[in-house]
Amino acid sequence: MENSISKSLKLMVILALFIVLWLITSVDTRKLGILWYVVVVILSGIFMVAKKNITRRDIVVAIVLGLISMPSNLFLGVVSIIVYLGGVSVLKESAHQIPLIKGNNQRDILKTIFLALFVGVILGVLNLYLGKVSGMLVNPSIKAKWFLDAIRAGAAEEIIFRYFFFAICIFFTNDRELSRSENFLCYLIMIVPHIITHFDRSSFTLISMVLLSLLFGLPFAIMQRKHDLSSAIGAHAIVDLIRFCVFGL
């Protein structure tokens, strides 16, 4: 019971600290937003030093994941490489690991692709509806930039703000078994910090945060925890690509 309370307190403190970080950075997102990346890079370094288990394969995978983001944003590509290595150092030997692809045969790969397409298209269409309701103007276009930006959003955001944030949970709870309440807190940590970075203090509303968390945070978090990282990256990229091509932004 004591261990369970201790783990829950740690997770609540982690969530609270990320909310405080948002309160700080939301004062001036352009100047202070980089603090998010400073924090995750420092934590990644701590995790890698503590675990000392990074292999050549991990480095190759990290570089590939970073490279797919770099054409859109060099900085986020580099951060993704470091943060993936920090996350994988914690999760690859964990009972709570999140695989890059669940299985390595053709059937497993096709399952990941189908899941990404299925969830991505459904959420993408829902996102269009919400955009239309909120007054966004339809401005259809197909540009190479939209594809590059969508891939970057899917890869970098899923690695930095979801995969790694789950690794934070596992590291600071010492890779112990998680209760339902602890799992719930882990999901909040995988969802809430990323969602609130889309708001500043003037635009933030609790209803908007809850809605975005349920519709566009929880599905990707579940995909990572229940299936694999690649399906979440793919679905996220598809959602953004549909929005970019229809609304032109």
# chains A, B, ... in the order shown; residues from 1 in each chain; ligands from 1

call {"tool": "residues_around", "arguments": {"residues": "Asp58 in chain A", "least_positions_apart": "2", "cutoff": "9 Å", "atoms": "only C-alpha atoms", "output": "list of chain:residue names"}}
result
A:Ile54, A:Thr55, A:Arg56, A:Val60, A:Val61, A:Ala62, A:Ile63, A:Tyr84, A:Leu85, A:Val88, A:Ser89

call {"tool": "write_last_selection", "arguments": {"atoms": "C-alpha atoms", "output": "PDB file, in the first residue's frame"}}
result
ATOM      1  CA  ILE A  54      22.217   1.862 -25.534  1.00  0.00           C
ATOM      2  CA  THR A  55      23.201  -0.348 -28.462  1.00  0.00           C
ATOM      3  CA  ARG A  56      24.279   0.406 -32.008  1.00  0.00           C
ATOM      4  CA  VAL A  60      20.551   3.644 -35.879  1.00  0.00           C
ATOM      5  CA  VAL A  61      16.796   3.594 -35.161  1.00  0.00           C
ATOM      6  CA  ALA A  62      17.034   6.954 -33.350  1.00  0.00           C
ATOM      7  CA  ILE A  63      18.888   8.523 -36.272  1.00  0.00           C
ATOM      8  CA  TYR A  84      14.299   8.497 -28.334  1.00  0.00           C
ATOM      9  CA  LEU A  85      17.591   7.166 -26.994  1.00  0.00           C
ATOM     10  CA  VAL A  88      14.449   3.445 -25.204  1.00  0.00           C
ATOM     11  CA  SER A  89      17.154   3.152 -22.530  1.00  0.00           C
TER      12      SER A  89
END

call {"tool": "residues_around", "arguments": {"residues": "range 183-191 of chain A", "least_positions_apart": "6", "cutoff": "8 Å", "atoms": "only C-alpha atoms", "output": "list in words"}}
result
Ser8, Leu11, Met12, Ile14, Leu15, Phe161, Arg162, Tyr163, Phe165, Phe166, Cys169, Ser213, Gly217, Leu218 and Ala221 of chain A

call {"tool": "closest_residue", "arguments": {"among": "A:Met209, A:Val90, A:Leu9, A:Leu32", "to": "Val49 in chain A", "atoms": "only C-alpha atoms"}}
result
A:Val90

call {"tool": "select_by_dssp", "arguments": {"residues": "range 46-119 of chain A", "states": "alpha helix (DSSP H)", "output": "JSON, numbers by chain"}}
result
{"A": [46, 47, 48, 49, 50, 51, 56, 57, 58, 59, 60, 61, 62, 63, 64, 65, 66, 67, 74, 75, 76, 77, 78, 79, 80, 81, 82, 83, 84, 85, 86, 87, 88, 89, 90, 91, 106, 107, 108, 109, 110, 111, 112, 113, 114, 115, 116, 117, 118, 119]}

call {"tool": "residues_around", "arguments": {"residues": "Ser44 in chain A", "least_positions_apart": "3", "cutoff": "12 Å", "atoms": "only C-alpha atoms", "output": "PDB file with N, CA and C atoms, in the first residue's frame"}}
result
ATOM      1  N   TYR A  37      12.192  21.427 -24.422  1.00  0.00           N
ATOM      2  CA  TYR A  37      13.193  20.582 -25.059  1.00  0.00           C
ATOM      3  C   TYR A  37      14.466  20.501 -24.223  1.00  0.00           C
ATOM      4  N   VAL A  38      14.790  21.567 -23.527  1.00  0.00           N
ATOM      5  CA  VAL A  38      15.932  21.533 -22.614  1.00  0.00           C
ATOM      6  C   VAL A  38      15.695  20.494 -21.523  1.00  0.00           C
ATOM      7  N   VAL A  39      14.491  20.486 -20.970  1.00  0.00           N
ATOM      8  CA  VAL A  39      14.148  19.545 -19.895  1.00  0.00           C
ATOM      9  C   VAL A  39      14.230  18.104 -20.379  1.00  0.00           C
ATOM     10  N   VAL A  40      13.614  17.805 -21.539  1.00  0.00           N
ATOM     11  CA  VAL A  40      13.592  16.404 -21.985  1.00  0.00           C
ATOM     12  C   VAL A  40      14.983  15.931 -22.424  1.00  0.00           C
ATOM     13  N   VAL A  41      15.797  16.822 -22.981  1.00  0.00           N
ATOM     14  CA  VAL A  41      17.158  16.433 -23.367  1.00  0.00           C
ATOM     15  C   VAL A  41      18.002  16.134 -22.124  1.00  0.00           C
ATOM     16  N   PHE A  47      18.879   9.484 -18.058  1.00  0.00           N
ATOM     17  CA  PHE A  47      18.411   8.104 -18.233  1.00  0.00           C
ATOM     18  C   PHE A  47      19.477   7.241 -18.904  1.00  0.00           C
ATOM     19  N   MET A  48      20.114   7.784 -19.942  1.00  0.00           N
ATOM     20  CA  MET A  48      21.127   7.001 -20.659  1.00  0.00           C
ATOM     21  C   MET A  48      22.328   6.693 -19.772  1.00  0.00           C
ATOM     22  N   VAL A  49      22.740   7.669 -18.971  1.00  0.00           N
ATOM     23  CA  VAL A  49      23.859   7.454 -18.056  1.00  0.00           C
ATOM     24  C   VAL A  49      23.483   6.442 -16.982  1.00  0.00           C
ATOM     25  N   ALA A  50      22.254   6.526 -16.485  1.00  0.00           N
ATOM     26  CA  ALA A  50      21.807   5.619 -15.424  1.00  0.00           C
ATOM     27  C   ALA A  50      21.680   4.182 -15.923  1.00  0.00           C
ATOM     28  N   LYS A  51      21.192   4.009 -17.145  1.00  0.00           N
ATOM     29  CA  LYS A  51      20.930   2.661 -17.666  1.00  0.00           C
ATOM     30  C   LYS A  51      22.140   2.043 -18.367  1.00  0.00           C
ATOM     31  N   LYS A  52      22.903   2.863 -19.075  1.00  0.00           N
ATOM     32  CA  LYS A  52      24.097   2.378 -19.789  1.00  0.00           C
ATOM     33  C   LYS A  52      23.812   1.140 -20.647  1.00  0.00           C
ATOM     34  N   ILE A  54      22.478   1.485 -24.145  1.00  0.00           N
ATOM     35  CA  ILE A  54      22.217   1.862 -25.534  1.00  0.00           C
ATOM     36  C   ILE A  54      23.099   1.030 -26.477  1.00  0.00           C
ATOM     37  N   VAL A  79      16.539  16.768 -31.562  1.00  0.00           N
ATOM     38  CA  VAL A  79      15.973  16.493 -30.240  1.00  0.00           C
ATOM     39  C   VAL A  79      15.328  15.103 -30.213  1.00  0.00           C
ATOM     40  N   SER A  80      14.650  14.734 -31.291  1.00  0.00           N
ATOM     41  CA  SER A  80      14.002  13.418 -31.362  1.00  0.00           C
ATOM     42  C   SER A  80      15.016  12.287 -31.219  1.00  0.00           C
ATOM     43  N   ILE A  81      16.183  12.442 -31.837  1.00  0.00           N
ATOM     44  CA  ILE A  81      17.227  11.419 -31.739  1.00  0.00           C
ATOM     45  C   ILE A  81      17.652  11.228 -30.281  1.00  0.00           C
ATOM     46  N   ILE A  82      17.939  12.331 -29.616  1.00  0.00           N
ATOM     47  CA  ILE A  82      18.401  12.263 -28.223  1.00  0.00           C
ATOM     48  C   ILE A  82      17.319  11.708 -27.312  1.00  0.00           C
ATOM     49  N   VAL A  83      16.101  12.205 -27.507  1.00  0.00           N
ATOM     50  CA  VAL A  83      15.001  11.819 -26.616  1.00  0.00           C
ATOM     51  C   VAL A  83      14.588  10.365 -26.838  1.00  0.00           C
ATOM     52  N   TYR A  84      14.608   9.915 -28.093  1.00  0.00           N
ATOM     53  CA  TYR A  84      14.299   8.497 -28.334  1.00  0.00           C
ATOM     54  C   TYR A  84      15.301   7.600 -27.612  1.00  0.00           C
ATOM     55  N   LEU A  85      16.572   7.959 -27.675  1.00  0.00           N
ATOM     56  CA  LEU A  85      17.591   7.166 -26.994  1.00  0.00           C
ATOM     57  C   LEU A  85      17.378   7.168 -25.478  1.00  0.00           C
ATOM     58  N   GLY A  86      16.985   8.319 -24.935  1.00  0.00           N
ATOM     59  CA  GLY A  86      16.682   8.368 -23.514  1.00  0.00           C
ATOM     60  C   GLY A  86      15.493   7.498 -23.157  1.00  0.00           C
ATOM     61  N   GLY A  87      14.462   7.541 -24.004  1.00  0.00           N
ATOM     62  CA  GLY A  87      13.269   6.738 -23.750  1.00  0.00           C
ATOM     63  C   GLY A  87      13.520   5.258 -23.893  1.00  0.00           C
ATOM     64  N   VAL A  88      14.227   4.868 -24.967  1.00  0.00           N
ATOM     65  CA  VAL A  88      14.449   3.445 -25.204  1.00  0.00           C
ATOM     66  C   VAL A  88      15.369   2.852 -24.149  1.00  0.00           C
ATOM     67  N   SER A  89      16.271   3.658 -23.580  1.00  0.00           N
ATOM     68  CA  SER A  89      17.154   3.152 -22.530  1.00  0.00           C
ATOM     69  C   SER A  89      16.355   2.713 -21.301  1.00  0.00           C
ATOM     70  N   VAL A  90      15.209   3.364 -21.080  1.00  0.00           N
ATOM     71  CA  VAL A  90      14.348   3.016 -19.948  1.00  0.00           C
ATOM     72  C   VAL A  90      13.376   1.892 -20.303  1.00  0.00           C
ATOM     73  N   ILE A 159       7.328  10.882 -30.197  1.00  0.00           N
ATOM     74  CA  ILE A 159       8.537  10.465 -29.488  1.00  0.00           C
ATOM     75  C   ILE A 159       8.784  11.348 -28.269  1.00  0.00           C
ATOM     76  N   ILE A 160       8.742  12.663 -28.467  1.00  0.00           N
ATOM     77  CA  ILE A 160       9.129  13.579 -27.398  1.00  0.00           C
ATOM     78  C   ILE A 160       8.057  13.685 -26.317  1.00  0.00           C
ATOM     79  N   TYR A 163       6.016   9.039 -26.015  1.00  0.00           N
ATOM     80  CA  TYR A 163       6.913   7.909 -25.743  1.00  0.00           C
ATOM     81  C   TYR A 163       7.850   8.237 -24.579  1.00  0.00           C
ATOM     82  N   PHE A 164       8.506   9.384 -24.668  1.00  0.00           N
ATOM     83  CA  PHE A 164       9.464   9.739 -23.624  1.00  0.00           C
ATOM     84  C   PHE A 164       8.777  10.071 -22.306  1.00  0.00           C
ATOM     85  N   PHE A 165       7.618  10.691 -22.376  1.00  0.00           N
ATOM     86  CA  PHE A 165       6.927  11.026 -21.128  1.00  0.00           C
ATOM     87  C   PHE A 165       6.476   9.761 -20.396  1.00  0.00           C
ATOM     88  N   ALA A 167       8.262   7.013 -20.571  1.00  0.00           N
ATOM     89  CA  ALA A 167       9.531   6.550 -20.011  1.00  0.00           C
ATOM     90  C   ALA A 167       9.836   7.268 -18.691  1.00  0.00           C
ATOM     91  N   ILE A 168       9.489   8.540 -18.618  1.00  0.00           N
ATOM     92  CA  ILE A 168       9.669   9.286 -17.368  1.00  0.00           C
ATOM     93  C   ILE A 168       8.881   8.620 -16.246  1.00  0.00           C
ATOM     94  N   PHE A 171      10.634   5.320 -15.273  1.00  0.00           N
ATOM     95  CA  PHE A 171      11.914   5.539 -14.591  1.00  0.00           C
ATOM     96  C   PHE A 171      11.706   5.932 -13.135  1.00  0.00           C
TER      97      PHE A 171
END

call {"tool": "atom_distance", "arguments": {"atom1": "CA of Thr205 in chain A", "atom2": "CA of Leu76 in chain A"}}
result
27.3 Å

call {"tool": "closest_atom_pairs", "arguments": {"of": "range 120-160 of chain A", "to": "range 239-247 of chain A", "cutoff": "6 Å", "atoms": "only C-alpha atoms", "output": "tab-separated table"}}
result
residue	atom	partner	partner_atom	distance
A:Gly120	CA	A:Val239	CA	5.2
A:Gly124	CA	A:Val239	CA	4.1
A:Val138	CA	A:Phe247	CA	4.8
A:Asn139	CA	A:Phe247	CA	4.7
A:Pro140	CA	A:Val246	CA	4.2
A:Ser141	CA	A:Cys245	CA	5.1
A:Ile142	CA	A:Cys245	CA	5.5
A:Trp146	CA	A:Phe244	CA	5.8
A:Ala150	CA	A:Leu241	CA	5.1

call {"tool": "closest_residue", "arguments": {"among": "A:Ala16, A:Leu115, A:Ile196, A:Ile122", "to": "Thr29 in chain A", "atoms": "only C-alpha atoms"}}
result
A:Ile196
